[in-house]
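Next up, work-v3.cif (mmCIF, C-alpha atoms and all ligand atoms):
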```cif
data_structure
#
loop_
_atom_site.label_atom_id
_atom_site.label_comp_id
_atom_site.auth_asym_id
_atom_site.auth_seq_id
_atom_site.Cartn_x
_atom_site.Cartn_y
_atom_site.Cartn_z
CA MET U 186 151.94 125.38 69.70
CA ILE U 187 148.28 126.32 69.25
CA VAL U 188 146.95 129.83 69.96
CA GLY U 189 143.19 129.79 70.69
CA ALA U 190 141.60 126.93 72.61
CA GLY U 191 138.21 126.96 70.89
CA HIS U 192 136.55 124.43 68.60
CA ALA U 193 139.33 124.41 66.02
CA GLY U 194 142.26 124.72 68.46
CA GLY U 195 140.89 122.11 70.85
CA SER U 196 140.23 119.72 67.97
CA VAL U 197 143.61 120.04 66.26
CA ALA U 198 145.39 119.31 69.56
CA THR U 199 143.85 115.84 69.82
CA MET U 200 143.98 115.22 66.07
CA LEU U 201 147.74 115.83 66.10
CA ARG U 202 148.06 112.98 68.59
CA GLN U 203 145.77 110.76 66.47
CA GLN U 204 147.96 111.41 63.42
CA GLY U 205 151.11 110.46 65.32
CA TRP U 206 152.63 113.78 66.44
CA LEU U 207 155.15 112.85 69.11
CA GLY U 208 156.49 116.27 70.12
CA PRO U 209 155.01 118.61 72.71
CA VAL U 210 151.55 120.11 72.11
CA VAL U 211 150.88 123.39 73.93
CA LEU U 212 147.32 124.75 73.71
CA LEU U 213 146.95 128.40 74.81
CA GLY U 214 143.50 129.88 75.43
CA GLU U 215 142.47 133.19 76.93
CA GLU U 216 139.17 131.86 78.29
CA PRO U 217 139.07 130.30 81.75
CA LEU U 218 137.97 126.83 80.67
CA ALA U 219 138.85 123.90 78.44
CA PRO U 220 137.68 124.01 74.79
CA TYR U 221 133.88 123.96 74.44
CA GLN U 222 131.21 124.07 71.78
CA ARG U 223 129.55 127.40 71.01
CA PRO U 224 126.45 126.24 69.09
CA PRO U 225 124.41 125.42 72.24
CA LEU U 226 125.10 128.92 73.65
CA SER U 227 122.36 130.49 71.55
CA LYS U 228 120.06 127.47 71.88
CA ALA U 229 119.73 124.97 74.77
CA TRP U 230 122.09 126.85 77.12
CA LEU U 231 119.90 129.97 77.27
CA LYS U 232 116.87 127.87 78.18
CA GLY U 233 118.76 126.04 80.92
CA GLU U 234 118.57 122.78 78.94
CA ALA U 235 122.32 122.09 78.66
CA ALA U 236 124.93 121.32 81.32
CA LEU U 237 128.56 122.51 81.30
CA ASP U 238 129.82 118.93 80.92
CA GLY U 239 127.86 118.65 77.70
CA LEU U 240 129.39 121.84 76.32
CA LEU U 241 132.99 120.74 76.71
CA LEU U 242 134.59 119.30 73.58
CA ARG U 243 136.38 116.68 75.67
CA LYS U 244 136.62 115.68 79.30
CA PRO U 245 139.29 117.91 80.93
CA GLU U 246 141.45 114.89 81.91
CA ILE U 247 141.90 113.91 78.23
CA TYR U 248 144.41 116.74 77.74
CA ALA U 249 146.82 115.43 80.35
CA GLN U 250 146.27 111.83 79.18
CA GLN U 251 147.25 112.84 75.64
CA ARG U 252 150.18 114.97 76.83
CA ILE U 253 148.50 118.18 75.70
CA ASP U 254 149.69 121.11 77.80
CA LEU U 255 146.41 123.08 78.01
CA ARG U 256 146.92 126.53 79.51
CA VAL U 257 143.70 128.45 80.13
CA ASP U 258 143.50 132.15 81.09
CA THR U 259 146.52 132.61 78.85
CA ARG U 260 146.34 135.37 76.28
CA VAL U 261 148.88 135.70 73.50
CA VAL U 262 149.62 139.33 72.66
CA ALA U 263 152.24 139.01 69.90
CA ILE U 264 154.08 136.62 67.62
CA ASN U 265 157.78 137.12 67.00
CA ARG U 266 158.34 135.20 63.79
CA ARG U 267 162.07 135.80 63.64
CA ALA U 268 162.59 134.26 67.09
CA CYS U 269 159.76 131.69 66.57
CA GLU U 270 158.17 132.84 69.84
CA VAL U 271 154.79 133.92 71.11
CA VAL U 272 154.56 136.65 73.73
CA LEU U 273 152.01 136.22 76.52
CA ALA U 274 150.00 138.96 78.24
CA ASP U 275 152.01 138.39 81.43
CA GLY U 276 155.23 139.05 79.52
CA GLY U 277 156.23 135.38 79.26
CA ARG U 278 157.64 134.05 76.00
CA LEU U 279 157.24 130.58 74.52
CA ARG U 280 159.20 129.14 71.62
CA TYR U 281 157.51 127.14 68.88
CA ASP U 282 158.62 124.83 66.07
CA ALA U 283 155.21 124.94 64.43
CA LEU U 284 152.48 127.47 65.28
CA ILE U 285 148.74 127.06 64.68
CA LEU U 286 146.54 130.15 64.92
CA ALA U 287 142.93 129.45 65.91
CA THR U 288 141.70 132.70 67.45
CA GLY U 289 138.21 132.64 65.91
CA THR U 290 136.06 135.73 65.57
CA ARG U 291 134.68 138.52 67.69
CA PRO U 292 131.25 140.12 67.36
CA ARG U 293 130.87 143.08 65.05
CA VAL U 294 130.18 146.20 67.11
CA LEU U 295 127.04 148.28 66.42
CA PRO U 296 128.45 151.73 65.55
CA VAL U 297 125.76 153.91 67.14
CA VAL U 298 125.37 156.08 70.23
CA GLY U 299 124.22 154.07 73.24
CA ALA U 300 125.60 150.72 72.02
CA ASP U 301 127.72 150.57 75.20
CA LEU U 302 124.81 151.01 77.62
CA PRO U 303 124.28 148.34 80.26
CA GLY U 304 121.73 145.86 78.95
CA VAL U 305 123.15 145.89 75.39
CA LEU U 306 124.80 142.51 74.93
CA SER U 307 126.47 140.41 72.26
CA LEU U 308 127.05 136.67 72.17
CA ARG U 309 130.28 134.87 71.39
CA GLY U 310 131.54 132.97 74.42
CA LEU U 311 130.25 131.27 77.54
CA ALA U 312 130.69 134.42 79.65
CA ASP U 313 128.46 136.34 77.19
CA ALA U 314 125.91 133.52 77.21
CA ASP U 315 125.79 133.47 81.01
CA ARG U 316 125.28 137.25 81.12
CA LEU U 317 122.52 136.97 78.52
CA LYS U 318 120.86 134.05 80.31
CA LEU U 319 120.87 135.96 83.60
CA THR U 320 119.38 139.08 82.01
CA LEU U 321 116.76 137.07 80.12
CA GLY U 322 115.57 135.92 83.53
CA THR U 323 114.70 139.46 84.66
CA ALA U 324 113.95 141.33 81.42
CA THR U 325 110.52 141.57 79.82
CA ARG U 326 111.21 143.09 76.40
CA LEU U 327 114.06 141.94 74.18
CA ALA U 328 115.08 143.71 70.98
CA VAL U 329 117.39 141.66 68.78
CA VAL U 330 119.45 143.75 66.37
CA GLY U 331 120.28 141.52 63.40
CA GLY U 332 118.08 138.80 61.97
CA GLY U 333 120.84 136.26 61.32
CA TYR U 334 121.12 132.79 62.85
CA ILE U 335 122.31 133.88 66.29
CA GLY U 336 119.68 136.63 66.49
CA LEU U 337 116.83 134.32 65.51
CA GLU U 338 118.01 131.53 67.81
CA VAL U 339 118.13 133.93 70.75
CA ALA U 340 114.68 135.26 69.76
CA SER U 341 113.37 131.69 69.82
CA ALA U 342 114.88 130.97 73.26
CA ALA U 343 113.56 134.28 74.63
CA ARG U 344 110.02 133.57 73.40
CA SER U 345 110.16 130.15 75.07
CA LEU U 346 111.07 132.03 78.27
CA GLY U 347 108.08 134.35 77.83
CA LEU U 348 109.74 137.63 76.81
CA GLU U 349 108.29 140.04 74.26
CA VAL U 350 110.67 139.99 71.29
CA THR U 351 111.27 142.30 68.33
CA VAL U 352 113.88 141.53 65.69
CA VAL U 353 115.34 144.58 63.94
CA GLU U 354 116.92 143.80 60.56
CA ARG U 355 118.48 146.15 58.03
CA GLU U 356 117.61 143.95 55.05
CA GLU U 357 114.07 143.36 53.87
CA ARG U 358 114.07 139.77 55.13
CA PRO U 359 115.67 137.87 58.03
CA LEU U 360 118.62 135.57 57.14
CA ALA U 361 119.06 137.63 53.95
CA ARG U 362 122.84 137.09 53.78
CA VAL U 363 122.83 133.41 54.64
CA ALA U 364 119.68 131.73 53.32
CA SER U 365 117.33 131.69 50.34
CA PRO U 366 114.14 133.80 50.23
CA GLU U 367 112.06 130.62 50.79
CA ILE U 368 113.91 129.83 54.02
CA SER U 369 113.70 133.46 55.17
CA ALA U 370 109.94 133.52 54.53
CA PHE U 371 109.45 130.26 56.43
CA PHE U 372 111.41 131.40 59.49
CA ARG U 373 109.79 134.83 59.49
CA ARG U 374 106.35 133.19 59.57
CA LEU U 375 107.45 130.66 62.20
CA HIS U 376 108.65 133.46 64.49
CA GLU U 377 105.60 135.63 63.84
CA GLU U 378 103.32 132.71 64.72
CA ARG U 379 105.21 132.46 68.02
CA GLY U 380 104.67 136.16 68.70
CA VAL U 381 107.97 137.69 67.52
CA ALA U 382 107.63 141.09 65.81
CA PHE U 383 109.93 142.09 62.96
CA ALA U 384 111.14 145.57 62.03
CA LEU U 385 112.59 144.98 58.56
CA SER U 386 114.49 147.33 56.23
CA ALA U 387 115.24 149.12 59.50
CA GLU U 388 118.44 150.98 60.27
CA VAL U 389 119.35 151.42 63.93
CA ALA U 390 120.07 155.13 64.56
CA ALA U 391 120.80 154.93 68.31
CA ILE U 392 120.22 152.92 71.45
CA GLY U 393 118.26 155.01 73.93
CA GLY U 394 118.77 154.79 77.69
CA ARG U 395 116.93 155.67 80.86
CA GLY U 396 118.44 155.74 84.34
CA GLY U 397 121.78 154.53 82.97
CA ARG U 398 120.33 151.40 81.31
CA VAL U 399 119.06 150.52 77.88
CA ALA U 400 115.44 151.55 77.25
CA ALA U 401 114.87 151.42 73.49
CA VAL U 402 116.22 150.85 70.02
CA GLU U 403 115.71 153.99 67.94
CA LEU U 404 115.37 153.49 64.20
CA GLY U 405 116.39 155.82 61.38
CA ASP U 406 112.75 156.29 60.30
CA GLY U 407 111.78 157.61 63.75
CA ARG U 408 110.33 154.36 65.09
CA ARG U 409 111.23 153.45 68.66
CA ILE U 410 111.25 149.90 69.98
CA ASP U 411 111.03 149.78 73.76
CA ALA U 412 113.38 147.19 75.25
CA ASP U 413 115.00 146.47 78.60
CA LEU U 414 117.45 144.06 76.92
CA VAL U 415 119.12 144.38 73.51
CA LEU U 416 121.09 141.62 71.86
CA VAL U 417 123.33 142.74 69.01
CA GLY U 418 123.88 139.93 66.51
CA ILE U 419 125.16 141.66 63.38
CA GLY U 420 127.90 139.25 62.43
CA ALA U 421 131.46 138.58 63.43
CA VAL U 422 134.89 139.65 62.24
CA ALA U 423 138.00 137.50 62.16
CA ASP U 424 140.10 137.99 65.29
CA MET U 425 143.34 138.29 63.31
CA ALA U 426 145.19 141.15 65.01
CA LEU U 427 148.04 138.77 65.95
CA ALA U 428 148.38 137.62 62.35
CA ILE U 429 148.27 141.14 60.91
CA ASP U 430 150.82 142.45 63.40
CA ALA U 431 153.08 139.52 62.58
CA GLY U 432 152.89 140.42 58.88
CA LEU U 433 151.02 137.33 57.65
CA ASP U 434 148.99 137.77 54.46
CA CYS U 435 145.40 138.59 55.48
CA ARG U 436 142.30 139.73 53.58
CA ASP U 437 139.06 139.46 55.55
CA GLY U 438 140.70 136.49 57.28
CA VAL U 439 144.15 134.93 57.43
CA LEU U 440 144.89 133.60 53.95
CA VAL U 441 145.59 129.86 53.93
CA ASP U 442 145.97 127.10 51.36
CA GLN U 443 144.29 123.69 51.24
CA ALA U 444 146.66 122.45 53.98
CA CYS U 445 145.94 125.57 56.13
CA ARG U 446 149.44 126.95 55.61
CA THR U 447 149.70 130.71 55.95
CA SER U 448 152.25 132.88 54.11
CA ASP U 449 154.79 131.76 56.78
CA PRO U 450 155.70 128.07 56.29
CA SER U 451 155.93 127.47 60.04
CA ILE U 452 152.48 128.92 60.79
CA HIS U 453 149.11 127.28 60.04
CA ALA U 454 145.74 128.95 60.67
CA ILE U 455 142.39 127.18 61.14
CA GLY U 456 138.73 127.82 61.88
CA ASP U 457 136.74 131.05 61.72
CA ILE U 458 139.82 133.29 61.25
CA THR U 459 140.81 131.84 57.89
CA ARG U 460 140.00 132.84 54.36
CA ARG U 461 140.39 129.48 52.67
CA PRO U 462 140.11 127.77 49.32
CA LEU U 463 136.70 126.25 48.60
CA PRO U 464 137.78 123.63 46.05
CA LEU U 465 134.26 122.47 45.18
CA TYR U 466 133.35 126.02 44.18
CA GLY U 467 136.61 127.21 42.58
CA ARG U 468 136.87 130.24 44.87
CA GLU U 469 137.89 131.21 48.38
CA GLY U 470 135.87 132.37 51.36
CA ARG U 471 135.64 132.58 55.14
CA LEU U 472 133.36 130.02 56.78
CA GLU U 473 132.10 130.27 60.35
CA ASN U 474 130.92 126.82 61.27
CA VAL U 475 131.91 123.74 63.21
CA GLN U 476 132.40 121.59 60.10
CA ASN U 477 135.00 124.06 58.80
CA ALA U 478 136.81 124.16 62.17
CA LEU U 479 137.01 120.35 62.20
CA GLU U 480 137.97 119.99 58.54
CA GLN U 481 140.81 122.50 58.86
CA ALA U 482 141.98 120.92 62.12
CA ARG U 483 142.20 117.59 60.24
CA GLN U 484 144.01 119.17 57.26
CA THR U 485 146.57 120.76 59.58
CA ALA U 486 147.17 117.65 61.68
CA CYS U 487 147.75 115.61 58.49
CA ASP U 488 150.04 118.26 57.02
CA LEU U 489 152.19 118.56 60.15
CA CYS U 490 152.43 114.77 60.51
CA GLY U 491 153.41 114.26 56.87
CA LYS U 492 150.17 112.39 56.05
CA PRO U 493 148.30 112.72 52.74
CA PRO U 494 145.74 115.54 52.75
CA PRO U 495 142.14 114.49 53.50
CA ALA U 496 139.61 114.81 50.66
CA PRO U 497 137.83 118.19 50.55
CA GLU U 498 134.52 118.16 52.44
CA VAL U 499 131.18 119.70 51.57
CA PRO U 500 130.57 122.62 53.97
CA TRP U 501 127.53 122.20 56.21
CA PHE U 502 125.75 124.04 58.98
CA TRP U 503 122.63 123.83 61.12
CA SER U 504 120.33 126.05 63.16
CA ASP U 505 117.68 125.11 65.74
CA GLN U 506 114.75 127.43 66.32
CA TYR U 507 111.75 126.30 68.43
CA GLU U 508 111.23 122.65 67.42
CA THR U 509 112.46 123.29 63.87
CA LYS U 510 115.82 122.10 62.56
CA LEU U 511 117.39 123.77 59.55
CA GLN U 512 120.34 121.96 57.97
CA ILE U 513 122.32 123.43 55.11
CA ALA U 514 124.77 121.56 52.92
CA GLY U 515 126.98 123.30 50.38
CA LEU U 516 127.09 126.92 49.28
CA PRO U 517 124.82 128.43 46.62
CA PHE U 518 127.67 129.92 44.54
CA GLY U 519 126.92 129.75 40.83
CA ALA U 520 123.35 128.51 41.35
CA VAL U 521 120.80 129.90 38.92
CA ARG U 522 117.77 127.87 39.95
CA ARG U 523 116.08 127.10 43.28
CA VAL U 524 113.71 124.13 43.47
CA VAL U 525 111.44 123.59 46.45
CA ARG U 526 110.75 120.03 47.49
CA GLY U 527 108.03 119.40 50.09
CA ASN U 528 105.62 121.84 51.63
CA PRO U 529 106.74 124.87 53.68
CA ALA U 530 103.23 125.14 55.14
CA GLU U 531 103.71 121.70 56.73
CA GLY U 532 107.11 122.69 58.14
CA ARG U 533 108.95 120.04 56.12
CA PHE U 534 110.63 121.14 52.93
CA ALA U 535 113.97 121.65 51.24
CA VAL U 536 115.38 124.14 48.75
CA PHE U 537 117.75 122.65 46.16
CA HIS U 538 120.17 125.06 44.44
CA LEU U 539 121.15 124.02 40.90
CA MET U 540 123.62 125.45 38.43
CA GLU U 541 122.74 126.11 34.77
CA ASP U 542 123.73 122.54 33.84
CA GLY U 543 121.71 121.04 36.71
CA VAL U 544 124.69 120.40 39.03
CA LEU U 545 123.56 120.52 42.66
CA VAL U 546 125.60 123.01 44.75
CA ALA U 547 123.54 123.51 47.93
CA VAL U 548 120.54 122.15 49.85
CA GLU U 549 118.67 123.90 52.66
CA ALA U 550 116.49 121.38 54.50
CA VAL U 551 113.85 122.19 57.11
CA ASN U 552 112.98 119.15 59.24
CA LEU U 553 114.08 116.88 56.35
CA PRO U 554 117.32 115.19 57.49
CA GLY U 555 117.22 112.68 54.62
CA GLU U 556 117.25 115.42 51.98
CA PHE U 557 120.14 117.09 53.83
CA MET U 558 122.22 113.89 54.13
CA ILE U 559 121.74 112.74 50.56
CA GLY U 560 122.00 116.28 49.22
CA ARG U 561 125.37 116.61 50.92
CA GLN U 562 126.65 113.46 49.21
CA TRP U 563 125.33 114.56 45.84
CA ILE U 564 126.95 118.00 46.15
CA GLY U 565 130.32 116.30 46.74
CA GLN U 566 129.70 114.09 43.69
CA ARG U 567 128.61 117.10 41.58
CA ARG U 568 125.39 115.27 40.69
CA VAL U 569 123.24 116.63 37.89
CA LEU U 570 119.57 116.69 38.91
CA SER U 571 116.35 117.27 37.02
CA PRO U 572 114.37 120.14 38.63
CA GLU U 573 111.12 118.32 37.85
CA ARG U 574 112.22 115.19 39.70
CA VAL U 575 113.52 117.21 42.67
CA ALA U 576 110.13 118.89 43.01
CA ASP U 577 108.17 115.62 42.59
CA ALA U 578 107.05 114.71 46.11
CA ALA U 579 105.79 111.33 44.85
CA LEU U 580 109.43 110.27 44.41
CA SER U 581 111.50 109.39 47.46
CA ILE U 582 114.69 111.43 47.79
CA LYS U 583 116.75 108.43 46.64
CA GLU U 584 114.60 108.12 43.50
CA VAL U 585 115.12 111.79 42.61
CA ALA U 586 118.56 111.16 41.08
CA GLY U 587 116.88 108.73 38.61
C1 LIG B 1 126.38 131.61 69.72
C2 LIG B 1 126.96 130.81 68.61
C3 LIG B 1 126.21 129.83 67.97
C4 LIG B 1 126.75 129.07 66.94
N1 LIG B 1 125.99 128.10 66.35
C5 LIG B 1 126.53 127.33 65.39
C6 LIG B 1 125.77 126.25 64.81
O1 LIG B 1 124.61 126.03 65.14
N2 LIG B 1 126.39 125.45 63.89
C7 LIG B 1 127.70 125.66 63.50
O2 LIG B 1 128.21 124.92 62.66
N3 LIG B 1 128.42 126.70 64.00
C8 LIG B 1 127.86 127.52 64.94
N4 LIG B 1 128.61 128.54 65.48
C9 LIG B 1 129.96 128.80 64.94
C10 LIG B 1 131.00 127.90 65.58
O3 LIG B 1 130.87 127.88 66.98
C11 LIG B 1 132.38 128.42 65.16
O4 LIG B 1 132.48 128.28 63.76
C12 LIG B 1 133.52 127.67 65.84
O5 LIG B 1 133.49 127.85 67.23
C13 LIG B 1 134.84 128.16 65.26
O6 LIG B 1 135.92 127.60 65.97
P1 LIG B 1 137.28 128.45 66.17
O7 LIG B 1 138.14 127.58 66.98
O8 LIG B 1 137.72 128.98 64.88
O9 LIG B 1 136.83 129.71 67.05
P2 LIG B 1 136.32 129.74 68.54
O10 LIG B 1 135.57 128.51 68.87
O11 LIG B 1 135.63 131.06 68.68
O12 LIG B 1 137.66 129.74 69.41
C14 LIG B 1 138.61 130.77 69.37
C15 LIG B 1 139.26 130.83 70.74
O13 LIG B 1 140.45 131.58 70.67
C16 LIG B 1 140.56 132.37 71.84
N5 LIG B 1 141.49 133.47 71.58
C17 LIG B 1 141.32 134.52 70.74
N6 LIG B 1 142.41 135.31 70.76
C18 LIG B 1 143.29 134.75 71.62
C19 LIG B 1 144.60 135.12 72.06
N7 LIG B 1 145.19 136.20 71.60
N8 LIG B 1 145.22 134.33 72.96
C20 LIG B 1 144.62 133.20 73.44
N9 LIG B 1 143.37 132.82 73.05
C21 LIG B 1 142.72 133.58 72.15
C22 LIG B 1 139.12 132.82 72.04
O14 LIG B 1 138.90 133.32 73.35
C23 LIG B 1 138.38 131.52 71.79
O15 LIG B 1 138.30 130.74 72.94
C24 LIG B 1 128.08 129.32 66.52
C25 LIG B 1 128.84 130.33 67.13
C26 LIG B 1 128.29 131.07 68.16
C27 LIG B 1 129.11 132.16 68.81
#
```
When written as structure tokens, how does the structure in this file appear?
Ligand SMILES: Cc1cc2nc3c(=O)[nH]c(=O)nc-3n(C[C@H](O)[C@H](O)[C@H](O)COP(=O)(O)OP(=O)(O)OC[C@H]3O[C@@H](n4cnc5c(N)ncnc54)[C@H](O)[C@@H]3O)c2cc1C
Amino acid sequence: MIVGAGHAGGSVATMLRQQGWLGPVVLLGEEPLAPYQRPPLSKAWLKGEAALDGLLLRKPEIYAQQRIDLRVDTRVVAINRRACEVVLADGGRLRYDALILATGTRPRVLPVVGADLPGVLSLRGLADADRLKLTLGTATRLAVVGGGYIGLEVASAARSLGLEVTVVEREERPLARVASPEISAFFRRLHEERGVAFALSAEVAAIGGRGGRVAAVELGDGRRIDADLVLVGIGAVADMALAIDAGLDCRDGVLVDQACRTSDPSIHAIGDITRRPLPLYGREGRLENVQNALEQARQTACDLCGKPPPAPEVPWFWSDQYETKLQIAGLPFGAVRRVVRGNPAEGRFAVFHLMEDGVLVAVEAVNLPGEFMIGRQWIGQRRVLSPERVADAALSIKEVAG
């Protein structure tokens, strides 16, 4: 039984069949539709450039064809581990032999007065994206609170739709928690060239209203940013209430091993809710990306079907803003040196993150898919690179390894 019919839950259902699982597969999701992809929600969807069919992970008929009992609009409110049952919001109870938790994350709430005013939105699911899209169509001034990926992607879509946009960020640069200073500087300039204003090192003190609707973001230093729409994109927290209440070991995520087993042998957890081992980096962490959802779905399907575990993958992620594609492979843990390859001014460059001994641990590539692809392979192989060769634009990326 799978709780959460998102990217991870939807994927593990079909992967179980691929790996030979013969028993029933029940996929429970609280949203009203079949599993879909979230990445387009902050990108093409807002601009009206994506259709619902294209969002869905699989055609709806696949579930019946593969004997997957998909139940939408079905919220699980508790897990009774002793009885091996889940309790549904309507009071129903379902027994499980094996349970997979895939409940994802929910947006972090901005803890200030006025954050609940109409016109203050967040973005996680399709319903949020539809609300945002509708409001973007009538609003003129958008303030984005949080200069992370979702915030910047929404800023980019809103500029394309002609809104005035200000990004408010607590740190001194956008993407501060998730990208290198070089990438932050590039995206800040890209947005500024497209007319986005930034309020950096700025703490939100309150959201001001007028006539029962949002009217401004008020900053701690007294500045006031007028806005008739505010998007709050300040990160997400693991939606692990079910796991905590059931007594599973959790610490900023449900703790799992390399096969996605939780502290209860009959319960696996996958996707954004997990705090997982990162074998390439000798530590653990919580990842919020599609690659992680798919990798853990695969690990779980193999584990439950008695198949050998798949080889650990290199984490990767992407972001689209305007016509620019950022692709990131690996994580910069342990890196002491950043080497820039290519020219940020031309909008095509990559930042290579090297450890003391030259081992490559992460690559951030802007409009350079080759550097991303090869970088990803090299990270998995723990390749040692020479910083001078990485920076030498006269060498092709394949020649860099020497
Ligand atoms: C706007 C946006 C843009 C993104 N862009 C990118 C990107 O460009 N690249 C990238 O790699 N990743 C991106 N991500 C992240 C990526 O979408 C997630 O990592 C991925 O969806 C995680 O899959 P999941 O199954 O763990 O969680 P989700 O896909 O969030 O699915 C969890 C599901 O569980 C359901 N659920 C929760 N609790 C219950 C319950 N009690 N009972 C029943 N159902 C429940 C939820 O309603 C939801 O449908 C983006 C995310 C968002 C929100």
Protein and nucleic residues near ligand LIG 1 (chain B), 8 Å, only C-alpha atoms and all ligand atoms, as an MDAnalysis selection string: chainID U and resid 188:195 213:216 220:228 258:263 273 287:291 308:310 314 334:335 424 427 455:458 472:478 501:505
Between atom CA of U:Val350 and atom CA of U:Leu327 - distance in Å to one decimal: 4.9 Å
Nearest residue to U:Ile187 from the set U:Ala454, U:Val402, U:Ala235, U:Ala431 (distances using all atoms listed in the file):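 That would be U:Ala454, the residue with the smallest distance to U:Ile187.
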For U:Ala340: contacts at 9 Å, only C-alpha atoms, fewer than 2 positions along chain excluded, given as a ChimeraX atom specification: /U:327-329,335-338,342-345,348,350-352,376,381,506
Residue neighbourhood U:Pro303, 8 Å, all atoms listed in the file, exclusion window fewer than 3 positions, as an MDAnalysis selection string: chainID U and resid 306 397:399
So that I have them on file, write out the residues from the current selection with C-alpha atoms, as an mmCIF file, in the frame of the given file.
```
data_model
loop_
_atom_site.group_PDB
_atom_site.id
_atom_site.type_symbol
_atom_site.label_atom_id
_atom_site.label_comp_id
_atom_site.auth_asym_id
_atom_site.auth_seq_id
_atom_site.Cartn_x
_atom_site.Cartn_y
_atom_site.Cartn_z
ATOM 1 C CA LEU U 306 124.800 142.510 74.930
ATOM 2 C CA GLY U 397 121.780 154.530 82.970
ATOM 3 C CA ARG U 398 120.330 151.400 81.310
ATOM 4 C CA VAL U 399 119.060 150.520 77.880
#
```
Residue among U:Gly405, U:Gly555, U:Gly527, U:Gly560 lying closest to U:Ala576, counting all atoms listed in the file: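 Of the candidates, the smallest distance to U:Ala576 is held by U:Gly527.
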Please build the interface table for stretch 434-516 of chain U against stretch 201-206 of chain U with a cut-off of 10 Å, listing for each qualifying residue the nearest atom pair and the distance in Å to one decimal; count all atoms listed in the file, order rows by chain and increasing number, and write it as JSON lines.
```
{"residue": "U:Ala482", "atom": "CA", "partner": "U:Leu201", "partner_atom": "CA", "distance": 8.7}
{"residue": "U:Arg483", "atom": "CA", "partner": "U:Leu201", "partner_atom": "CA", "distance": 8.3}
{"residue": "U:Thr485", "atom": "CA", "partner": "U:Leu201", "partner_atom": "CA", "distance": 8.3}
{"residue": "U:Ala486", "atom": "CA", "partner": "U:Leu201", "partner_atom": "CA", "distance": 4.8}
{"residue": "U:Cys487", "atom": "CA", "partner": "U:Gln204", "partner_atom": "CA", "distance": 6.5}
{"residue": "U:Asp488", "atom": "CA", "partner": "U:Gln204", "partner_atom": "CA", "distance": 9.6}
{"residue": "U:Leu489", "atom": "CA", "partner": "U:Trp206", "partner_atom": "CA", "distance": 7.9}
{"residue": "U:Cys490", "atom": "CA", "partner": "U:Trp206", "partner_atom": "CA", "distance": 6.0}
{"residue": "U:Gly491", "atom": "CA", "partner": "U:Gln204", "partner_atom": "CA", "distance": 9.0}
{"residue": "U:Lys492", "atom": "CA", "partner": "U:Gln204", "partner_atom": "CA", "distance": 7.8}
```
Distance criterion (all atoms listed in the file): nearest to U:Ala370 out of U:Glu357, U:Ala382, U:Asp413, U:Gly519: U:Glu357
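The gap separating atom CA of U:Ala324 from atom CA of U:Leu346 is 10.2 Å, in Å to one decimal.
If you measure from each of U:Val271, U:Val417, U:Ala283, U:Ala391 to U:Ile452 using all atoms listed in the file, the closest one turns out to be U:Ala283.
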Nearest to U:Val441 by atom-to-atom distance, counting all atoms listed in the file, from U:Gly276, U:Gly470, U:Gly420, U:Gly394: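 Once distances to U:Val441 are computed over all atoms listed in the file, the minimum belongs to U:Gly470.
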Top pick for closest residue to U:Glu234, considering U:Pro495, U:Lys318, U:Val297, U:Leu511 and counting all atoms listed in the file: U:Lys318
Distance in Å - atom CA of U:Asp275 versus atom CA of U:Leu311: 23.2 Å
